[in-house]
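Asker: My structure file upload.csv, CSV, C-alpha atoms and all ligand atoms, is below:
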```csv
chain,number,residue,atom,x,y,z
A,1269,MET,CA,88.7,13.5,-152.5
A,1270,LYS,CA,85.2,12.4,-153.5
A,1271,VAL,CA,84.0,9.1,-155.0
A,1272,ALA,CA,81.1,9.4,-157.4
A,1273,TYR,CA,79.0,6.4,-158.5
A,1274,THR,CA,76.6,8.1,-160.9
A,1275,VAL,CA,76.9,10.2,-164.0
A,1276,GLN,CA,74.8,12.9,-162.4
A,1277,GLU,CA,77.2,13.3,-159.4
A,1278,VAL,CA,80.1,13.8,-161.8
A,1279,ARG,CA,78.2,16.3,-163.9
A,1280,GLU,CA,77.3,18.4,-160.8
A,1281,GLN,CA,80.8,18.4,-159.5
A,1282,VAL,CA,82.3,19.4,-162.9
A,1283,LYS,CA,79.7,22.1,-163.3
A,1284,GLU,CA,80.8,23.6,-159.9
A,1285,TRP,CA,84.5,23.5,-161.0
A,1286,ARG,CA,83.7,25.2,-164.3
A,1287,LYS,CA,81.8,28.0,-162.5
A,1288,GLU,CA,85.1,28.7,-160.6
A,1289,GLY,CA,87.0,28.7,-163.9
A,1290,LEU,CA,89.0,25.6,-163.1
A,1291,THR,CA,90.5,23.2,-165.7
A,1292,VAL,CA,89.8,19.5,-165.5
A,1293,GLY,CA,91.9,16.5,-166.4
A,1294,LEU,CA,90.7,12.9,-166.9
A,1295,VAL,CA,92.5,9.6,-166.4
A,1296,PRO,CA,90.4,6.6,-167.6
A,1297,THR,CA,91.4,3.3,-166.0
A,1298,MET,CA,90.0,-0.1,-165.2
A,1299,GLY,CA,91.4,0.1,-161.6
A,1300,TYR,CA,93.7,-2.1,-159.6
A,1301,LEU,CA,96.0,0.9,-160.0
A,1302,HIS,CA,99.8,0.6,-160.0
A,1303,GLU,CA,102.7,3.0,-160.7
A,1304,GLY,CA,101.9,3.0,-164.5
A,1305,HIS,CA,98.5,4.6,-163.7
A,1306,ALA,CA,100.1,6.7,-161.0
A,1307,SER,CA,102.4,8.3,-163.6
A,1308,LEU,CA,99.4,9.4,-165.6
A,1309,MET,CA,97.6,10.7,-162.5
A,1310,LYS,CA,100.7,12.7,-161.4
A,1311,LYS,CA,101.0,14.3,-164.8
A,1312,ALA,CA,97.3,15.1,-164.8
A,1313,VAL,CA,97.5,16.7,-161.3
A,1314,GLU,CA,100.5,18.8,-162.5
A,1315,GLU,CA,98.7,20.1,-165.6
A,1316,ASN,CA,95.1,20.6,-164.4
A,1317,ASP,CA,93.3,22.3,-161.5
A,1318,ARG,CA,91.1,19.2,-160.9
A,1319,VAL,CA,91.6,15.6,-161.9
A,1320,VAL,CA,89.0,12.9,-162.3
A,1321,VAL,CA,90.1,9.2,-162.4
A,1322,SER,CA,87.5,6.8,-163.7
A,1323,VAL,CA,87.7,3.2,-162.3
A,1324,PHE,CA,85.5,1.1,-164.5
A,1325,VAL,CA,86.1,-2.5,-165.8
A,1326,ASN,CA,84.3,-1.9,-169.1
A,1327,PRO,CA,82.3,-5.0,-170.0
A,1328,THR,CA,81.9,-4.0,-173.7
A,1329,GLN,CA,85.6,-4.2,-174.4
A,1330,PHE,CA,85.8,-7.8,-173.3
A,1331,ALA,CA,84.8,-10.8,-175.4
A,1332,PRO,CA,82.8,-13.6,-173.7
A,1333,THR,CA,86.0,-15.8,-173.5
A,1334,GLU,CA,88.1,-13.1,-171.9
A,1335,ASP,CA,88.8,-12.1,-168.2
A,1336,LEU,CA,86.0,-9.7,-167.4
A,1337,GLU,CA,85.0,-11.7,-164.3
A,1338,SER,CA,88.4,-12.4,-163.0
A,1339,TYR,CA,89.9,-8.9,-163.7
A,1340,PRO,CA,91.4,-7.8,-160.4
A,1341,ARG,CA,89.5,-5.1,-158.4
A,1342,ASP,CA,90.4,-3.2,-155.2
A,1343,LEU,CA,88.5,0.1,-155.0
A,1344,GLU,CA,89.7,1.0,-151.5
A,1345,LYS,CA,93.4,0.7,-152.4
A,1346,ASP,CA,92.8,2.5,-155.7
A,1347,CYS,CA,91.1,5.4,-153.8
A,1348,ALA,CA,94.0,5.6,-151.3
A,1349,LEU,CA,96.5,5.9,-154.2
A,1350,CYS,CA,94.4,8.5,-156.0
A,1351,GLU,CA,94.0,10.6,-152.8
A,1352,SER,CA,97.8,10.5,-152.1
A,1353,ILE,CA,98.5,11.9,-155.6
A,1354,GLY,CA,96.0,14.7,-155.3
A,1355,VAL,CA,93.1,13.4,-157.5
A,1356,SER,CA,89.9,15.3,-156.8
A,1357,LEU,CA,87.3,12.8,-157.9
A,1358,VAL,CA,87.1,9.0,-158.5
A,1359,PHE,CA,84.3,8.0,-160.8
A,1360,HIS,CA,83.3,4.3,-160.1
A,1361,PRO,CA,80.1,3.5,-161.9
A,1362,GLU,CA,78.4,0.1,-162.0
A,1363,PRO,CA,78.0,-1.3,-165.5
A,1364,GLU,CA,74.2,-0.6,-165.3
A,1365,GLU,CA,75.0,3.1,-164.7
A,1366,MET,CA,77.0,3.2,-168.0
A,1367,TYR,CA,74.9,0.9,-170.1
A,1368,ALA,CA,71.1,1.0,-170.3
A,1369,PRO,CA,69.6,-2.5,-170.9
A,1370,ASP,CA,68.6,-1.4,-174.4
A,1371,PHE,CA,72.0,0.4,-175.1
A,1372,CYS,CA,72.7,0.2,-178.9
A,1373,THR,CA,74.9,3.2,-179.9
A,1374,TRP,CA,78.6,2.5,-180.6
A,1375,VAL,CA,81.7,4.5,-181.6
A,1376,ASP,CA,83.7,2.3,-183.9
A,1377,MET,CA,86.8,2.7,-186.1
A,1378,ASP,CA,88.1,1.2,-189.3
A,1379,VAL,CA,91.8,0.7,-190.3
A,1380,LEU,CA,93.6,1.4,-187.0
A,1381,SER,CA,91.5,-1.0,-185.0
A,1382,LYS,CA,91.8,-4.0,-187.4
A,1383,THR,CA,95.5,-4.8,-186.9
A,1384,LEU,CA,97.6,-5.9,-183.8
A,1385,CYS,CA,95.3,-6.4,-180.8
A,1386,GLY,CA,92.3,-5.8,-183.0
A,1387,LYS,CA,92.9,-9.0,-184.9
A,1388,SER,CA,92.7,-11.3,-181.9
A,1389,ARG,CA,90.2,-9.0,-180.0
A,1390,PRO,CA,87.8,-7.9,-182.8
A,1391,ILE,CA,85.3,-6.1,-180.6
A,1392,HIS,CA,87.8,-4.6,-178.1
A,1393,PHE,CA,88.4,-1.2,-179.7
A,1394,ARG,CA,84.7,-0.6,-180.4
A,1395,GLY,CA,84.2,-1.1,-176.6
A,1396,VAL,CA,87.1,1.2,-175.8
A,1397,CYS,CA,86.1,4.0,-178.2
A,1398,THR,CA,82.5,3.8,-176.9
A,1399,VAL,CA,83.4,4.0,-173.2
A,1400,VAL,CA,86.0,6.6,-173.7
A,1401,SER,CA,83.5,8.8,-175.7
A,1402,LYS,CA,81.0,8.3,-172.9
A,1403,LEU,CA,83.6,9.4,-170.3
A,1404,PHE,CA,84.5,12.4,-172.4
A,1405,HIS,CA,80.8,13.4,-172.6
A,1406,ILE,CA,80.3,12.9,-168.8
A,1407,VAL,CA,83.5,14.6,-167.6
A,1408,THR,CA,84.1,17.0,-170.4
A,1409,PRO,CA,87.8,17.3,-169.6
A,1410,ASP,CA,90.3,19.7,-171.1
A,1411,LYS,CA,92.9,17.0,-171.2
A,1412,ALA,CA,92.8,13.2,-171.0
A,1413,TYR,CA,95.8,11.0,-170.2
A,1414,PHE,CA,96.6,7.6,-171.8
A,1415,GLY,CA,99.7,5.3,-171.5
A,1416,GLN,CA,102.0,4.3,-174.3
A,1417,LYS,CA,101.8,0.8,-172.7
A,1418,ASP,CA,98.6,0.5,-174.8
A,1419,ALA,CA,100.1,2.1,-177.9
A,1420,GLN,CA,97.4,1.1,-180.3
A,1421,GLN,CA,94.7,2.3,-177.9
A,1422,LEU,CA,96.5,5.7,-177.7
A,1423,ALA,CA,96.7,6.0,-181.5
A,1424,ILE,CA,93.0,5.1,-181.8
A,1425,ILE,CA,91.9,7.6,-179.2
A,1426,ARG,CA,94.0,10.3,-180.8
A,1427,ARG,CA,92.3,9.5,-184.2
A,1428,MET,CA,88.8,9.3,-182.7
A,1429,VAL,CA,89.3,12.8,-181.1
A,1430,ARG,CA,90.6,14.2,-184.5
A,1431,ASP,CA,87.9,12.5,-186.6
A,1432,LEU,CA,85.0,13.4,-184.4
A,1433,ASN,CA,86.2,16.9,-183.6
A,1434,MET,CA,86.3,16.3,-179.8
A,1435,ASP,CA,87.8,19.4,-178.1
A,1436,ILE,CA,90.1,17.5,-175.8
A,1437,GLU,CA,93.9,17.3,-175.7
A,1438,ILE,CA,95.2,13.8,-175.5
A,1439,VAL,CA,98.4,13.4,-173.5
A,1440,GLY,CA,100.4,10.2,-174.0
A,1441,CYS,CA,102.6,9.0,-171.2
A,1442,PRO,CA,105.7,6.7,-171.4
A,1443,ILE,CA,105.6,3.0,-170.3
A,1444,VAL,CA,106.4,2.4,-166.6
A,1445,ARG,CA,108.3,-0.8,-166.0
A,1446,GLU,CA,109.3,-3.0,-163.1
A,1447,GLU,CA,112.9,-2.8,-162.2
A,1448,ASP,CA,113.7,-5.9,-164.2
A,1449,GLY,CA,112.0,-4.5,-167.3
A,1450,LEU,CA,108.5,-6.1,-167.3
A,1451,ALA,CA,105.9,-3.4,-168.2
A,1452,LYS,CA,103.6,-2.8,-165.2
A,1453,SER,CA,100.1,-4.2,-165.7
A,1454,SER,CA,97.1,-5.1,-163.5
A,1455,ARG,CA,97.2,-8.5,-165.3
A,1456,ASN,CA,100.7,-9.2,-164.0
A,1457,THR,CA,98.9,-10.4,-160.8
A,1458,TYR,CA,97.7,-13.4,-162.7
A,1459,LEU,CA,101.3,-14.7,-163.1
A,1460,ASN,CA,102.7,-17.3,-160.7
A,1461,GLU,CA,106.4,-17.2,-159.8
A,1462,GLU,CA,107.6,-19.2,-162.8
A,1463,GLU,CA,105.4,-17.3,-165.2
A,1464,ARG,CA,106.6,-14.0,-163.7
A,1465,LYS,CA,110.2,-14.9,-164.6
A,1466,ALA,CA,109.1,-16.1,-168.1
A,1467,ALA,CA,107.2,-12.9,-168.7
A,1468,LEU,CA,110.6,-11.1,-168.9
A,1469,ILE,CA,110.9,-12.4,-172.4
A,1470,LEU,CA,108.5,-9.7,-173.6
A,1471,SER,CA,110.6,-6.7,-172.5
A,1472,LYS,CA,113.9,-8.5,-173.4
A,1473,SER,CA,112.8,-8.9,-177.0
A,1474,ILE,CA,111.3,-5.4,-177.1
A,1475,PHE,CA,114.7,-4.0,-176.0
A,1476,LEU,CA,116.4,-6.3,-178.5
A,1477,GLY,CA,114.3,-5.0,-181.4
A,1478,GLN,CA,114.7,-1.4,-180.2
A,1479,LYS,CA,118.5,-1.8,-180.2
A,1480,MET,CA,118.5,-3.2,-183.7
A,1481,VAL,CA,116.5,-0.3,-185.0
A,1482,GLU,CA,118.5,2.3,-183.1
A,1483,GLU,CA,121.7,0.8,-184.5
A,1484,GLY,CA,120.3,1.4,-188.0
A,1485,GLU,CA,118.5,-1.7,-189.1
A,1486,THR,CA,115.7,-0.6,-191.5
A,1487,ASP,CA,114.4,-4.0,-192.6
A,1488,ALA,CA,111.2,-4.6,-190.5
A,1489,ALA,CA,111.1,-8.3,-191.3
A,1490,LYS,CA,114.6,-8.8,-189.9
A,1491,VAL,CA,113.8,-7.0,-186.7
A,1492,LYS,CA,110.5,-8.9,-186.3
A,1493,ALA,CA,112.3,-12.2,-187.0
A,1494,ALA,CA,114.9,-11.5,-184.3
A,1495,MET,CA,112.2,-10.6,-181.8
A,1496,VAL,CA,110.1,-13.7,-182.6
A,1497,ALA,CA,113.2,-16.0,-182.3
A,1498,ASN,CA,114.0,-14.4,-179.0
A,1499,ILE,CA,110.5,-15.0,-177.6
A,1500,GLU,CA,110.5,-18.6,-178.9
A,1501,THR,CA,113.5,-19.4,-176.6
A,1502,GLU,CA,111.0,-19.2,-173.7
A,1503,PRO,CA,109.0,-22.4,-173.4
A,1504,LEU,CA,106.1,-20.8,-171.4
A,1505,ALA,CA,105.6,-18.1,-174.1
A,1506,LYS,CA,103.1,-18.4,-176.9
A,1507,ILE,CA,103.0,-15.5,-179.4
A,1508,ASP,CA,99.7,-13.9,-180.3
A,1509,TYR,CA,101.4,-11.4,-182.6
A,1510,VAL,CA,104.7,-9.5,-183.1
A,1511,GLU,CA,104.3,-6.7,-185.6
A,1512,ILE,CA,106.1,-3.5,-186.8
A,1513,VAL,CA,103.6,-1.0,-188.1
A,1514,ASP,CA,103.3,2.6,-189.1
A,1515,GLY,CA,103.0,4.7,-185.9
A,1516,MET,CA,99.9,6.6,-187.2
A,1517,SER,CA,97.9,4.1,-189.3
A,1518,MET,CA,98.8,0.9,-187.4
A,1519,GLN,CA,99.4,-0.8,-190.8
A,1520,PRO,CA,102.4,-3.2,-191.4
A,1521,ILE,CA,105.5,-1.7,-193.0
A,1522,GLU,CA,108.4,-3.2,-194.8
A,1523,THR,CA,111.0,-0.5,-194.3
A,1524,ILE,CA,111.5,1.2,-191.0
A,1525,LYS,CA,110.9,4.9,-191.2
A,1526,THR,CA,109.6,6.9,-188.3
A,1527,PRO,CA,107.1,7.1,-186.8
A,1528,ILE,CA,106.9,3.3,-186.1
A,1529,LEU,CA,105.4,1.1,-183.5
A,1530,ALA,CA,106.8,-2.3,-182.8
A,1531,ALA,CA,104.2,-4.2,-180.7
A,1532,MET,CA,103.6,-7.7,-179.4
A,1533,ALA,CA,101.1,-9.7,-177.5
A,1534,VAL,CA,102.3,-12.9,-175.9
A,1535,TYR,CA,100.6,-15.5,-173.7
A,1536,ILE,CA,102.6,-16.5,-170.7
A,1537,GLY,CA,100.6,-19.5,-169.6
A,1538,LYS,CA,97.0,-18.3,-169.8
A,1539,THR,CA,97.9,-14.6,-169.3
A,1540,ARG,CA,98.0,-12.4,-172.4
A,1541,LEU,CA,100.6,-9.6,-171.9
A,1542,ILE,CA,101.5,-6.8,-174.3
A,1543,ASP,CA,104.5,-4.6,-174.7
A,1544,ASN,CA,105.9,-2.3,-177.4
A,1545,PHE,CA,108.4,0.4,-178.4
A,1546,ILE,CA,107.9,3.5,-180.5
A,1547,LEU,CA,110.3,5.5,-182.6
B,1,LIG,P1,94.1,0.1,-167.7
B,1,LIG,O1,93.6,0.3,-166.3
B,1,LIG,O2,95.0,-1.1,-167.9
B,1,LIG,O3,93.0,0.2,-168.7
B,1,LIG,O4,95.0,1.3,-168.0
B,1,LIG,C1,94.6,2.7,-167.8
B,1,LIG,C2,95.6,3.6,-168.4
B,1,LIG,O5,96.8,3.4,-167.8
B,1,LIG,C3,95.8,3.3,-169.9
B,1,LIG,O6,95.9,4.5,-170.6
B,1,LIG,C4,97.1,2.6,-169.9
B,1,LIG,O7,97.8,2.7,-171.1
B,1,LIG,C5,97.8,3.2,-168.8
B,1,LIG,N1,98.8,2.3,-168.3
B,1,LIG,C6,98.7,1.0,-167.8
B,1,LIG,N2,99.8,0.4,-167.5
B,1,LIG,C7,100.8,1.4,-167.8
B,1,LIG,C8,102.2,1.4,-167.7
B,1,LIG,N3,102.9,0.3,-167.2
B,1,LIG,N4,102.9,2.5,-168.0
B,1,LIG,C9,102.2,3.6,-168.5
B,1,LIG,N5,100.9,3.6,-168.6
B,1,LIG,C10,100.2,2.5,-168.2
```
Can the structure in the file be given as structure tokens, please?
Ligand code: AMP

Answerer:
Amino acid sequence: MKVAYTVQEVREQVKEWRKEGLTVGLVPTMGYLHEGHASLMKKAVEENDRVVVSVFVNPTQFAPTEDLESYPRDLEKDCALCESIGVSLVFHPEPEEMYAPDFCTWVDMDVLSKTLCGKSRPIHFRGVCTVVSKLFHIVTPDKAYFGQKDAQQLAIIRRMVRDLNMDIEIVGCPIVREEDGLAKSSRNTYLNEEERKAALILSKSIFLGQKMVEEGETDAAKVKAAMVANIETEPLAKIDYVEIVDGMSMQPIETIKTPILAAMAVYIGKTRLIDNFIL
């Protein structure tokens, strides 16, 4: 397995693979890899001749008040995991390699990026769309892999690819959870012991909402109220949002009719965690 630090190194490698007629899969990540990322990487290795994993904590998707500086990083461990799964290339650029000092071109989206996480993180999805577009241009993959854990991001990337005619297949992968239900996340490392226990309220209320819908409840407000009430039983939890939206447009709905996304962001202490279910 190779580690590339520059755009040029990646381009040269991909060019060689293309000469041999090989297919290429891409898994974009911010690193500090866990089993959630591993599930994407394994699927990519199964479905492509060569797999590129990008490890890049993208500054343009963080607001100045957010955790860009403290975001956990461990390239050595990430590379060991990638290698054990059969990844061919890890792309780990410095921010200066990705963004020229006078960088001023953005890929942005209306509608889908304005609700849910887009409300409390107004510049987030512009940063995500821009960096993912850049990675698509650099790696030119046949397929790219994204987790349902970030359901709004997945919907936005699918829409970007459709709207901008990008010739890339987007593969969505299910949420990987800890044994007790907590969705795996690099940010879980911020939690102390007490907060780690409290964080279970997210998955518990996700499962509660999912059960109500599966048992036939079609009133979105009722499902949402039950989930909110459940979260409020946890003193360490502070709700950013709990919403039930149309699974394609990300707009709030009143009556549950598939496809839907029920999503939440909840602060446990200072750590903002997300979880969701889709139907
Ligand atoms: P991140 O490094 O957090 O930006 O995540 C990189 C990719 O891994 C994104 O497509 C995420 O949705 C996906 N991912 C992160 N955590 C999980 C998880 N627990 N289950 C499935 N996919 C995940």

Asker: For each of A:Val1396, A:Val1275, A:Val1444, A:Ile1546, take the minimum atom-to-atom distance to Met1366 in chain A, counting all atoms listed in the file, then give the residue where this is smallest.

Answerer: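 Ranking A:Val1396, A:Val1275, A:Val1444, A:Ile1546 by distance to Met1366 in chain A, first place goes to A:Val1275.
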
Asker: Find the residues near ligand LIG 1 (chain B). Use a cut-off of 10 Å, count only C-alpha atoms and all ligand atoms, and write them as a PyMOL selection string.

Answerer: chain A and resi 1295-1309+1321-1326+1396+1412-1422+1425+1439-1446+1450-1455+1543

Asker: Please indicate the distance in Å from CA of Leu1504 in chain A to CA of Ala1467 in chain A, rounded to one decimal place.

Answerer: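 About the pair CA of Leu1504 in chain A and CA of Ala1467 in chain A: they are 8.4 Å apart.
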
Asker: Using all atoms listed in the file, find the one residue out of A:Ile1521, A:Ala1489, A:Leu1459, A:Ala1348 that sits nearest to Ile1536 in chain A.

Answerer: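 That would be A:Leu1459, the residue with the smallest distance to Ile1536 in chain A.
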
Asker: Rank A:Leu1403, A:Glu1362, A:Asp1378, A:Lys1311 by their smallest atom-to-atom distance to Arg1279 in chain A, using all atoms listed in the file, and report the top residue only.

Answerer: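 When distances to Arg1279 in chain A are compared using all atoms listed in the file, the smallest one comes from A:Leu1403.
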
Asker: Could you please determine the separation between CA of Asn1316 in chain A and CA of Lys1411 in chain A in Å, to one decimal place?

Answerer: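 Separating CA of Asn1316 in chain A from CA of Lys1411 in chain A is a distance of 8.0 Å.
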
Asker: Please identify all polymer residues within 10 Å of Ser1401 in chain A, counting all atoms listed in the file, omitting same-chain residues fewer than 5 positions from it, and present them as a compact mmCIF listing (two decimals) with C-alpha atoms, in the frame of the given file.

Answerer:
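result_8.txt was written with the following content:
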```txt
# COMPACT_ATOMS: atom_id res chain seq x y z
CA TRP A 1374 78.60 2.50 -180.60
CA VAL A 1375 81.70 4.50 -181.60
CA GLY A 1395 84.20 -1.10 -176.60
CA VAL A 1396 87.10 1.20 -175.80
CA ILE A 1406 80.30 12.90 -168.80
CA VAL A 1407 83.50 14.60 -167.60
CA THR A 1408 84.10 17.00 -170.40
CA ILE A 1425 91.90 7.60 -179.20
CA MET A 1428 88.80 9.30 -182.70
CA VAL A 1429 89.30 12.80 -181.10
CA LEU A 1432 85.00 13.40 -184.40
CA MET A 1434 86.30 16.30 -179.80
```

Asker: Could you work out how far CA of Thr1328 in chain A lies from CA of Thr1373 in chain A, giving the answer in Å with one decimal?

Answerer: 11.8 Å

Asker: Assuming 5 Å of padding per side, give the centre and edge lengths of the axis-aligned box around every listed atom of range 1464-1468 of chain A, in Å to one decimal and as JSON.

Answerer:
```
{"center_x": 108.6, "center_y": -13.6, "center_z": -166.3, "size_x": 14.0, "size_y": 15.0, "size_z": 15.2}
```

Asker: If you count only C-alpha atoms, which residues fall within 12 Å of Ala1497 in chain A, apart from same-chain ones fewer than 3 positions away, as a ChimeraX atom specification?

Answerer: /A:1469-1470,1472-1474,1476-1477,1490-1494,1500-1503,1505-1507,1510

Asker: Mind listing as an MDAnalysis selection string all residues within 10 Å of (92.3, 3.0, -185.5), counting all atoms listed in the file?

Answerer: chainID A and resid 1376:1383 1386 1393:1394 1397 1420:1428 1516:1519

Asker: Which residue is closest to Asp1487 in chain A? Choose from A:Ile1524, A:Val1513, A:Ala1466, A:Val1534 and count only C-alpha atoms.

Answerer: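 Using only C-alpha atoms, the shortest distance to Asp1487 in chain A belongs to A:Ile1524.
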
Asker: Nearest to Ile1542 in chain A: which of A:Ser1471, A:Cys1347, A:Lys1387, A:Val1292 is it, counting all atoms listed in the file?

Answerer: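 The answer is A:Ser1471, which sits nearest to Ile1542 in chain A.
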
Asker: Would you mind writing range 1314-1323 of chain A with all heavy atoms, as a CSV table (one decimal), in the coordinates of the input?

Answerer:
```csv
chain,number,residue,atom,x,y,z
A,1314,GLU,N,99.6,17.7,-162.2
A,1314,GLU,CA,100.5,18.8,-162.5
A,1314,GLU,C,99.9,19.8,-163.5
A,1314,GLU,O,100.1,21.0,-163.4
A,1314,GLU,CB,101.8,18.3,-163.2
A,1314,GLU,CG,102.9,17.9,-162.3
A,1314,GLU,CD,104.0,17.1,-163.1
A,1314,GLU,OE1,104.2,17.4,-164.3
A,1314,GLU,OE2,104.5,16.2,-162.5
A,1315,GLU,N,99.1,19.2,-164.5
A,1315,GLU,CA,98.7,20.1,-165.6
A,1315,GLU,C,97.3,20.6,-165.5
A,1315,GLU,O,96.8,21.3,-166.4
A,1315,GLU,CB,98.8,19.2,-166.9
A,1315,GLU,CG,100.3,18.9,-167.2
A,1315,GLU,CD,100.4,18.2,-168.5
A,1315,GLU,OE1,99.4,17.7,-169.1
A,1315,GLU,OE2,101.6,18.0,-168.9
A,1316,ASN,N,96.5,20.2,-164.5
A,1316,ASN,CA,95.1,20.6,-164.4
A,1316,ASN,C,94.8,21.0,-163.0
A,1316,ASN,O,95.4,20.6,-162.0
A,1316,ASN,CB,94.2,19.4,-164.8
A,1316,ASN,CG,94.4,18.9,-166.2
A,1316,ASN,OD1,93.9,19.4,-167.1
A,1316,ASN,ND2,95.4,17.9,-166.3
A,1317,ASP,N,93.7,21.9,-162.8
A,1317,ASP,CA,93.3,22.3,-161.5
A,1317,ASP,C,92.6,21.2,-160.7
A,1317,ASP,O,92.8,21.0,-159.5
A,1317,ASP,CB,92.3,23.5,-161.6
A,1317,ASP,CG,93.0,24.7,-162.2
A,1317,ASP,OD1,94.2,25.0,-161.9
A,1317,ASP,OD2,92.3,25.4,-163.0
A,1318,ARG,N,91.8,20.4,-161.5
A,1318,ARG,CA,91.1,19.2,-160.9
A,1318,ARG,C,91.3,18.0,-161.7
A,1318,ARG,O,91.4,18.1,-163.0
A,1318,ARG,CB,89.6,19.5,-160.7
A,1318,ARG,CG,89.3,20.7,-159.8
A,1318,ARG,CD,89.6,20.3,-158.3
A,1318,ARG,NE,89.2,21.4,-157.5
A,1318,ARG,CZ,90.0,22.4,-157.0
A,1318,ARG,NH1,91.3,22.4,-157.4
A,1318,ARG,NH2,89.6,23.4,-156.2
A,1319,VAL,N,91.4,16.8,-161.1
A,1319,VAL,CA,91.6,15.6,-161.9
A,1319,VAL,C,90.6,14.6,-161.5
A,1319,VAL,O,90.3,14.3,-160.3
A,1319,VAL,CB,93.1,15.0,-161.7
A,1319,VAL,CG1,93.2,13.6,-162.3
A,1319,VAL,CG2,94.1,15.9,-162.3
A,1320,VAL,N,90.0,14.0,-162.5
A,1320,VAL,CA,89.0,12.9,-162.3
A,1320,VAL,C,89.7,11.6,-162.8
A,1320,VAL,O,90.2,11.6,-163.9
A,1320,VAL,CB,87.7,13.1,-163.2
A,1320,VAL,CG1,86.7,12.0,-163.0
A,1320,VAL,CG2,87.1,14.5,-162.8
A,1321,VAL,N,89.6,10.6,-162.0
A,1321,VAL,CA,90.1,9.2,-162.4
A,1321,VAL,C,88.9,8.3,-162.5
A,1321,VAL,O,88.1,8.2,-161.5
A,1321,VAL,CB,91.1,8.7,-161.4
A,1321,VAL,CG1,91.4,7.2,-161.7
A,1321,VAL,CG2,92.4,9.5,-161.4
A,1322,SER,N,88.6,7.7,-163.6
A,1322,SER,CA,87.5,6.8,-163.7
A,1322,SER,C,88.1,5.4,-163.4
A,1322,SER,O,89.2,5.0,-163.9
A,1322,SER,CB,86.8,6.8,-165.0
A,1322,SER,OG,87.7,6.6,-166.1
A,1323,VAL,N,87.4,4.6,-162.6
A,1323,VAL,CA,87.7,3.2,-162.3
A,1323,VAL,C,86.6,2.4,-162.8
A,1323,VAL,O,85.5,2.3,-162.1
A,1323,VAL,CB,88.0,3.0,-160.8
A,1323,VAL,CG1,88.2,1.5,-160.5
A,1323,VAL,CG2,89.2,3.8,-160.4
```
